[in-house]
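Here is final.txt, consisting of compact mmCIF, C-alpha atoms and all ligand atoms:
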# COMPACT_ATOMS: atom_id res chain seq x y z
CA MET A 1 0.00 0.00 0.00
CA SER A 2 1.40 3.40 -0.83
CA VAL A 3 0.82 7.13 -0.98
CA ALA A 4 0.24 9.26 -4.08
CA ALA A 5 -0.08 13.01 -4.40
CA VAL A 6 -2.00 15.15 -6.85
CA LEU A 7 -0.25 18.51 -7.11
CA THR A 8 -2.48 21.16 -8.64
CA ALA A 9 -0.56 23.55 -10.87
CA ALA A 10 -3.03 24.22 -13.70
CA GLY A 11 -4.20 27.67 -12.62
CA SER A 12 -3.32 30.86 -14.45
CA GLY A 13 -2.53 32.99 -11.42
CA SER A 14 -4.69 35.91 -12.54
CA ARG A 15 -4.51 37.62 -9.13
CA LEU A 16 -0.72 37.29 -9.04
CA GLY A 17 -0.54 39.19 -12.34
CA HIS A 18 2.72 37.60 -13.56
CA SER A 19 3.37 36.90 -17.24
CA LEU A 20 3.90 33.19 -16.44
CA PRO A 21 1.27 30.79 -15.06
CA LYS A 22 1.59 30.91 -11.25
CA ALA A 23 3.18 27.46 -10.87
CA LEU A 24 6.07 28.49 -13.14
CA VAL A 25 6.82 31.74 -11.33
CA PRO A 26 10.23 31.66 -9.64
CA LEU A 27 10.77 31.96 -5.89
CA GLY A 28 14.39 31.99 -4.76
CA GLY A 29 15.69 30.32 -7.92
CA GLN A 30 13.06 27.58 -8.28
CA SER A 31 9.54 27.66 -9.64
CA LEU A 32 6.62 27.31 -7.23
CA VAL A 33 5.73 23.88 -8.65
CA ALA A 34 9.32 22.64 -8.21
CA HIS A 35 9.37 23.78 -4.57
CA ALA A 36 6.02 22.11 -3.86
CA ALA A 37 7.01 18.84 -5.56
CA ARG A 38 10.34 18.64 -3.71
CA ASN A 39 8.70 19.29 -0.35
CA LEU A 40 6.06 16.60 -1.00
CA LEU A 41 8.68 14.04 -2.03
CA ALA A 42 10.97 14.88 0.91
CA ALA A 43 8.32 13.97 3.51
CA ARG A 44 8.93 10.83 5.57
CA ALA A 45 5.99 9.61 7.63
CA ALA A 46 6.19 6.84 10.25
CA GLY A 47 7.31 3.51 8.80
CA ASP A 48 9.09 5.30 5.92
CA ASP A 49 5.67 6.00 4.39
CA ARG A 50 6.11 8.57 1.65
CA VAL A 51 4.82 9.86 -1.66
CA ARG A 52 5.74 7.37 -4.39
CA VAL A 53 3.44 8.56 -7.19
CA LEU A 54 3.20 12.25 -8.05
CA VAL A 55 0.55 13.50 -10.49
CA VAL A 56 0.92 17.16 -11.46
CA THR A 57 -1.90 19.03 -13.17
CA ALA A 58 -0.57 21.61 -15.62
CA PRO A 59 -2.08 24.32 -17.80
CA ALA A 60 -2.86 22.62 -21.14
CA PHE A 61 -0.47 24.90 -23.05
CA HIS A 62 2.37 24.48 -20.55
CA LEU A 63 2.63 20.69 -20.10
CA ASP A 64 6.23 20.60 -21.32
CA ALA A 65 7.31 23.60 -19.26
CA ILE A 66 5.86 22.06 -16.08
CA ALA A 67 7.48 18.68 -16.89
CA ARG A 68 10.84 20.42 -17.33
CA GLU A 69 10.53 21.94 -13.85
CA LEU A 70 10.16 18.42 -12.43
CA ASP A 71 12.98 16.90 -14.44
CA GLY A 72 15.11 14.56 -12.39
CA LEU A 73 12.59 14.03 -9.57
CA ASP A 74 11.32 10.71 -10.97
CA GLY A 75 12.89 7.37 -11.81
CA PRO A 76 15.49 5.37 -9.90
CA ASP A 77 18.05 8.15 -10.25
CA GLY A 78 15.80 10.75 -8.64
CA PRO A 79 16.73 12.15 -5.24
CA ASP A 80 14.02 10.11 -3.50
CA GLY A 81 14.32 6.69 -5.10
CA GLU A 82 11.79 5.25 -7.53
CA ILE A 83 9.09 7.87 -8.06
CA VAL A 84 6.35 7.64 -10.68
CA LEU A 85 5.73 11.12 -12.09
CA LEU A 86 2.76 12.01 -14.32
CA VAL A 87 2.03 15.45 -15.79
CA VAL A 88 -1.55 15.86 -17.02
CA ALA A 89 -3.62 18.76 -18.34
CA GLY A 90 -5.86 20.35 -15.72
CA GLY A 91 -9.45 21.48 -16.12
CA ALA A 92 -11.48 24.69 -15.95
CA THR A 93 -11.60 24.74 -12.13
CA ARG A 94 -9.37 23.42 -9.38
CA GLN A 95 -11.94 20.68 -8.72
CA ALA A 96 -11.83 19.63 -12.39
CA SER A 97 -8.03 19.63 -12.31
CA VAL A 98 -7.94 17.34 -9.26
CA ALA A 99 -10.49 15.06 -10.96
CA ALA A 100 -8.21 14.88 -14.03
CA GLY A 101 -5.28 14.01 -11.78
CA LEU A 102 -7.26 11.30 -10.00
CA ALA A 103 -8.35 9.82 -13.34
CA ALA A 104 -4.71 9.61 -14.47
CA LEU A 105 -3.79 8.01 -11.15
CA ALA A 106 -6.57 5.42 -11.36
CA ALA A 107 -5.59 4.54 -14.95
CA ASP A 108 -1.88 3.94 -14.28
CA PRO A 109 -0.97 0.34 -13.42
CA ARG A 110 2.14 1.57 -11.59
CA ALA A 111 -0.21 3.19 -9.06
CA SER A 112 -2.30 0.08 -8.42
CA ASP A 113 -1.17 -0.24 -4.79
CA VAL A 114 -1.97 3.38 -3.87
CA ASP A 115 -4.49 3.58 -1.02
CA VAL A 116 -3.80 7.10 0.33
CA VAL A 117 -3.79 10.26 -1.76
CA LEU A 118 -2.71 13.78 -0.88
CA VAL A 119 -4.00 16.79 -2.77
CA HIS A 120 -1.69 19.78 -2.63
CA ASP A 121 -1.54 23.19 -4.31
CA ALA A 122 1.58 24.43 -6.08
CA ALA A 123 0.33 27.78 -4.76
CA ARG A 124 1.57 26.58 -1.32
CA PRO A 125 5.17 25.89 -2.37
CA LEU A 126 6.78 26.06 1.08
CA ALA A 127 4.47 23.63 2.92
CA PRO A 128 7.21 21.74 4.79
CA PRO A 129 7.81 17.97 4.68
CA SER A 130 6.88 17.74 8.39
CA LEU A 131 3.36 18.96 7.57
CA VAL A 132 3.07 16.48 4.70
CA ALA A 133 4.13 13.67 7.04
CA ARG A 134 1.62 14.77 9.71
CA VAL A 135 -1.24 14.54 7.21
CA ILE A 136 -0.15 11.10 5.93
CA GLU A 137 0.12 9.80 9.50
CA ALA A 138 -3.35 11.05 10.46
CA VAL A 139 -4.86 9.24 7.46
CA ARG A 140 -2.91 6.08 8.31
CA ASP A 141 -4.17 6.37 11.91
CA GLY A 142 -7.72 5.86 10.66
CA HIS A 143 -8.94 9.32 9.61
CA PRO A 144 -10.00 8.96 5.98
CA ALA A 145 -10.17 12.73 5.31
CA VAL A 146 -7.59 15.05 6.90
CA VAL A 147 -6.89 18.77 6.43
CA PRO A 148 -4.26 20.99 8.05
CA GLY A 149 -5.75 24.04 9.74
CA LEU A 150 -4.57 27.06 11.72
CA PRO A 151 -6.56 28.97 14.35
CA VAL A 152 -7.91 32.22 12.96
CA THR A 153 -6.32 35.33 14.46
CA ASP A 154 -8.51 38.01 12.89
CA THR A 155 -11.99 38.78 14.20
CA ILE A 156 -14.36 37.42 11.56
CA LYS A 157 -17.71 39.03 10.81
CA ARG A 158 -20.43 37.75 8.54
CA VAL A 159 -21.91 40.46 6.31
CA ALA A 160 -24.78 40.82 3.86
CA PRO A 161 -22.96 41.58 0.59
CA HIS A 162 -24.81 43.36 -2.20
CA ARG A 163 -23.42 43.62 -5.69
CA GLY A 164 -21.98 47.07 -6.35
CA VAL A 165 -22.44 48.22 -2.75
CA THR A 166 -19.14 48.98 -1.01
CA VAL A 167 -20.45 49.51 2.54
CA GLU A 168 -21.84 46.25 3.93
CA PRO A 169 -23.94 45.66 7.06
CA VAL A 170 -22.59 43.18 9.65
CA LEU A 171 -24.91 40.29 10.50
CA GLU A 172 -22.82 38.75 13.27
CA THR A 173 -19.36 38.19 14.72
CA VAL A 174 -18.49 34.52 14.22
CA PRO A 175 -17.08 32.80 17.36
CA ARG A 176 -13.38 32.59 16.49
CA GLY A 177 -12.47 29.67 18.72
CA GLU A 178 -14.30 27.28 16.41
CA LEU A 179 -12.68 28.51 13.20
CA ARG A 180 -9.70 27.05 11.35
CA ALA A 181 -8.07 28.44 8.21
CA VAL A 182 -7.56 25.33 6.13
CA GLN A 183 -4.48 24.58 4.03
CA THR A 184 -3.08 21.85 1.83
CA PRO A 185 -1.84 19.12 1.57
CA GLN A 186 -5.13 17.44 2.38
CA GLY A 187 -5.01 13.66 2.77
CA PHE A 188 -7.62 11.02 1.97
CA ALA A 189 -8.27 7.34 1.69
CA LEU A 190 -8.16 7.08 -2.12
CA GLU A 191 -11.49 5.25 -2.27
CA LEU A 192 -13.24 8.08 -0.35
CA LEU A 193 -11.77 10.88 -2.48
CA LEU A 194 -12.71 9.09 -5.72
CA ARG A 195 -16.27 8.70 -4.41
CA ALA A 196 -16.41 12.37 -3.36
CA HIS A 197 -15.26 13.58 -6.79
CA THR A 198 -17.72 11.28 -8.58
CA HIS A 199 -20.54 12.61 -6.37
CA GLY A 200 -19.57 16.24 -7.04
CA ALA A 201 -18.71 15.85 -10.73
CA ASP A 202 -21.70 17.84 -12.06
CA ASP A 203 -20.38 21.01 -10.38
CA ALA A 204 -16.74 20.62 -11.44
CA HIS A 205 -16.80 22.85 -14.53
CA ASP A 206 -18.51 25.88 -13.01
CA GLU A 207 -16.27 28.06 -10.81
CA ALA A 208 -19.33 29.27 -8.89
CA LEU A 209 -20.40 25.73 -7.94
CA ALA A 210 -17.10 23.82 -7.79
CA ALA A 211 -15.60 23.00 -4.40
CA SER A 212 -12.61 25.17 -3.47
CA ASP A 213 -11.01 22.24 -1.64
CA ASP A 214 -11.31 18.47 -1.72
CA ALA A 215 -12.45 18.15 1.87
CA GLY A 216 -15.52 20.18 0.87
CA LEU A 217 -16.49 17.41 -1.52
CA VAL A 218 -16.11 14.82 1.24
CA GLU A 219 -18.32 16.98 3.48
CA ARG A 220 -20.97 16.99 0.73
CA LEU A 221 -20.99 13.17 1.05
CA GLY A 222 -21.80 13.55 4.74
CA GLU A 223 -18.47 12.04 5.83
CA THR A 224 -16.36 13.49 8.67
CA VAL A 225 -13.30 15.57 7.85
CA TRP A 226 -10.56 15.83 10.51
CA VAL A 227 -8.23 18.80 11.16
CA VAL A 228 -4.57 18.47 12.18
CA ALA A 229 -2.27 21.37 13.03
CA GLY A 230 -1.37 23.43 9.99
CA ASP A 231 1.86 25.35 9.41
CA GLU A 232 2.39 29.04 8.66
CA ARG A 233 4.92 28.09 6.02
CA ALA A 234 2.12 26.44 4.02
CA ALA A 235 0.67 29.91 3.33
CA LYS A 236 -0.99 30.30 -0.05
CA ILE A 237 0.50 32.58 -2.66
CA THR A 238 -2.32 34.51 -4.29
CA THR A 239 -1.02 38.07 -4.75
CA ALA A 240 2.33 39.68 -5.56
CA ARG A 241 2.58 40.61 -1.89
CA ASP A 242 2.20 36.94 -0.87
CA LEU A 243 5.07 36.08 -3.22
CA ALA A 244 7.26 38.77 -1.69
CA VAL A 245 6.46 37.46 1.83
CA ALA A 246 7.31 33.89 0.77
CA ALA A 247 10.71 35.13 -0.41
CA LEU A 248 11.58 36.44 3.08
CA PRO A 249 14.11 34.35 5.02
CA THR A 250 12.55 31.88 7.50
CA GLU A 251 13.92 29.62 10.19
CA ASP A 252 14.75 26.15 8.93
CA GLU A 253 12.79 23.17 10.22
N1 LIG A 301 -5.64 25.19 -10.06
C1 LIG A 301 -5.70 24.15 -10.97
N2 LIG A 301 -6.62 24.22 -12.00
C2 LIG A 301 -7.44 25.27 -12.12
C3 LIG A 301 -7.39 26.34 -11.19
C4 LIG A 301 -6.47 26.26 -10.16
O1 LIG A 301 -4.94 23.20 -10.88
N3 LIG A 301 -8.30 25.31 -13.14
C5 LIG A 301 -4.65 25.13 -8.98
C6 LIG A 301 -3.67 26.29 -9.02
O2 LIG A 301 -2.61 26.00 -9.93
C7 LIG A 301 -3.24 26.41 -7.57
C8 LIG A 301 -4.43 25.86 -6.79
O3 LIG A 301 -5.29 25.23 -7.74
O4 LIG A 301 -2.10 25.61 -7.29
C9 LIG A 301 -5.16 26.96 -6.02
O5 LIG A 301 -5.71 27.89 -6.94
P1 LIG A 301 -5.45 29.45 -6.92
O6 LIG A 301 -4.57 29.83 -5.80
O7 LIG A 301 -6.78 30.11 -7.11
O8 LIG A 301 -4.55 29.62 -8.23
P2 LIG A 301 -4.95 30.23 -9.63
O9 LIG A 301 -6.32 29.76 -10.01
O10 LIG A 301 -3.83 29.94 -10.56
O11 LIG A 301 -4.96 31.80 -9.31
P3 LIG A 301 -6.10 32.88 -9.66
O12 LIG A 301 -7.37 32.34 -9.04
O13 LIG A 301 -5.59 34.14 -9.06
O14 LIG A 301 -6.17 32.92 -11.17
MG MG A 302 -8.05 30.29 -8.82
Translate this structure into C-alpha cells?
Amino acid sequence: MSVAAVLTAAGSGSRLGHSLPKALVPLGGQSLVAHAARNLLAARAAGDDRVRVLVVTAPAFHLDAIARELDGLDGPDGPDGEIVLLVVAGGATRQASVAAGLAALAADPRASDVDVVLVHDAARPLAPPSLVARVIEAVRDGHPAVVPGLPVTDTIKRVAPHRGVTVEPVLETVPRGELRAVQTPQGFALELLLRAHTHGADDAHDEALAASDDAGLVERLGETVWVVAGDERAAKITTARDLAVAALPTEDE
C-alpha cells in the first residue's frame, strides 16, 4: 500500500498578475511547482511511508514547461528513489483539475497499490515535509479525510454583501475559537476521495459551484473531515505581496 499526491498547478494565477502561469513563477531560484514537488517528495511519515506517485496538473499549453521543472525528480536516479511522475492537463476549475489528476492516477498500473492520496496546491510551495508527514500519518491512523488548519487570528464578521455596494452591514461576529483556516496538503483514503469527486462531478466545470477544496467534496458526502495542526509556512501565494512574503528568510525546520 502506498501514498500518491495530486499537485495542482493548472491555474493561471490571474490575481498574481505575472506573465507566467503561477506554478512556473520563480521563488528563490526555483519555480513554485518545483518547490512544492520537492517538499512533497521529501516527507517521511512513520514507517518510511512517503509519496511514491506524483501527479501534477498543468495548464494545457504548458505541459512541457511544467514537466521540465520536475525533471530529475522521478525514476530510480531521482533524489528520493523510484518515483512515478505524471504530468496531465488540468481542467477549468481546481476541482476539475484534481479530478483529471485522479483519473490519471486510477488509470496507471504503476499506481495500483496506492491507497492514500494527498492533494496539494503548487500555490503553497513552502508547505514543509513535516506537515506532509503529519497529514499522511493522520490518514494512516484511521482518519479517511484530513486537512491541516490554523486557528484564525482576525476577528471574523459575517456580512450581507450586495453587488456594487461597497459599505456592507454586519450580520454577526463569528465565534473565532471554532474557526480554522484550512491549508493543503489534504489527505484522503483514495477510495473516499474518488467517491467524493464522482458525487460532485456535475459542479466541477462551473467556478461558482465547484468545491474550493477536496475536503468540501467529502463533506458533501456527509463524511467526517478531521483537522490536524497546519503550518504558517504552508501559506498560499495569491497576490504579488504573498510572493514577496514567501521570499523572506525563514527559520529552517
Ligand atoms: N488550479 C488548478 N486548476 C485550475 C485552477 C487552479 O490546478 N483550473 C490550482 C492552481 O494552480 C493552484 C491551486 O489550484 O495551485 C489553487 O488555486 P489558486 O490559488 O486560485 O490559483 P490560480 O487559479 O492559478 O490563481 P487565480 O485564481 O488568481 O487565477
Ligand atoms: Mg483560482
**OP:** Give the residues close to ligand LIG 301 (chain A), within 7 Å, counting all atoms listed in the file; write them as number ranges by chain.
**Re:** A: 8-16, 21-23, 57-58, 90-94, 96-98, 121-123, 236-238
**OP:** Name the residues in contact with Thr153 in chain A at a cut-off of 12 Å, using all atoms listed in the file, excluding same-chain residues fewer than 5 positions from it; report them as a PyMOL selection string.
**Re:** chain A and resi 175-181
**OP:** Would you list the contacts of range 35-39 of chain A as a PyMOL selection string, taking every protein, DNA or RNA residue within 7 Å and counting all atoms listed in the file, but skipping same-chain residues closer than 2 positions in sequence?
**Re:** chain A and resi 30-33+41-43+122+124-129
Subject >> Of the listed residues A:Leu217, A:Gln95, A:Val116, A:Arg163, that which approaches ligand MG 302 (chain A) most closely, counting all atoms listed in the file >> reply: A:Gln95
Original post:
A:Arg140, A:Glu207, A:Gly230, A:Arg134: which is nearest ligand MG 302 (chain A), counting only C-alpha atoms and all ligand atoms?
Top reply: A:Glu207
Original post:
Nearest to Val132 in chain A: which of A:Ala65, A:Ile156, A:Ala111, A:Ala234 is it, counting all atoms listed in the file?
Top reply: A:Ala234
**OP:** Find the distance between CA of Gly28 in chain A and CA of Ala5 in chain A and write it in Å to one decimal.
**Re:**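 Between these atoms lies a distance of 23.9 Å.
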Subject >> Distance criterion (all atoms listed in the file): nearest to ligand MG 302 (chain A) out of A:Ala107, A:Ala235, A:Ala211, A:Leu243 >> reply: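 Using all atoms listed in the file, the shortest distance to ligand MG 302 (chain A) belongs to A:Ala211.
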Take every atom of range 190-198 of chain A listed in the file, fit an axis-aligned box around them, add 3 Å per side, and give the centre and edge lengths in Å to one decimal as lines of an AutoDock Vina configuration file.
center_x = -12.9
center_y = 9.4
center_z = -4.5
size_x = 15.6
size_y = 14.3
size_z = 14.2
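Proximity ranking of A:Val84, A:Val182, A:Leu171, A:Leu40 relative to Ser212 in chain A places A:Val182 first, based on all atoms listed in the file.
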**OP:** Using all atoms listed in the file, pick whichever of A:Gln183, A:Thr239, A:His197, A:Val3 has the shortest atom-to-atom distance to ligand MG 302 (chain A).
**Re:**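 Residue with the minimum atom-to-atom distance to ligand MG 302 (chain A): A:Thr239.
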Surrounding residues of Val117 in chain A excluding itself and chain neighbours under 4 positions, 8 Å, all atoms listed in the file, as an mmCIF file with C-alpha atoms, in the coordinates of the input:
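Resulting contents of around.cif:
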data_model
loop_
_atom_site.group_PDB
_atom_site.id
_atom_site.type_symbol
_atom_site.label_atom_id
_atom_site.label_comp_id
_atom_site.auth_asym_id
_atom_site.auth_seq_id
_atom_site.Cartn_x
_atom_site.Cartn_y
_atom_site.Cartn_z
ATOM 1 C CA VAL A 3 0.820 7.130 -0.980
ATOM 2 C CA ALA A 4 0.240 9.260 -4.080
ATOM 3 C CA ALA A 5 -0.080 13.010 -4.400
ATOM 4 C CA VAL A 6 -2.000 15.150 -6.850
ATOM 5 C CA GLY A 187 -5.010 13.660 2.770
ATOM 6 C CA PHE A 188 -7.620 11.020 1.970
ATOM 7 C CA ALA A 189 -8.270 7.340 1.690
ATOM 8 C CA LEU A 190 -8.160 7.080 -2.120
#
**OP:** Please measure the separation of CA of Trp226 in chain A and CA of Ala196 in chain A, giving the value in Å to one decimal.
**Re:**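 Between these atoms lies a distance of 15.4 Å.
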Subject >> Computed interatomic separation between CA of Thr184 in chain A and CA of His120 in chain A (Å) >> reply: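 The value is 5.1 Å.
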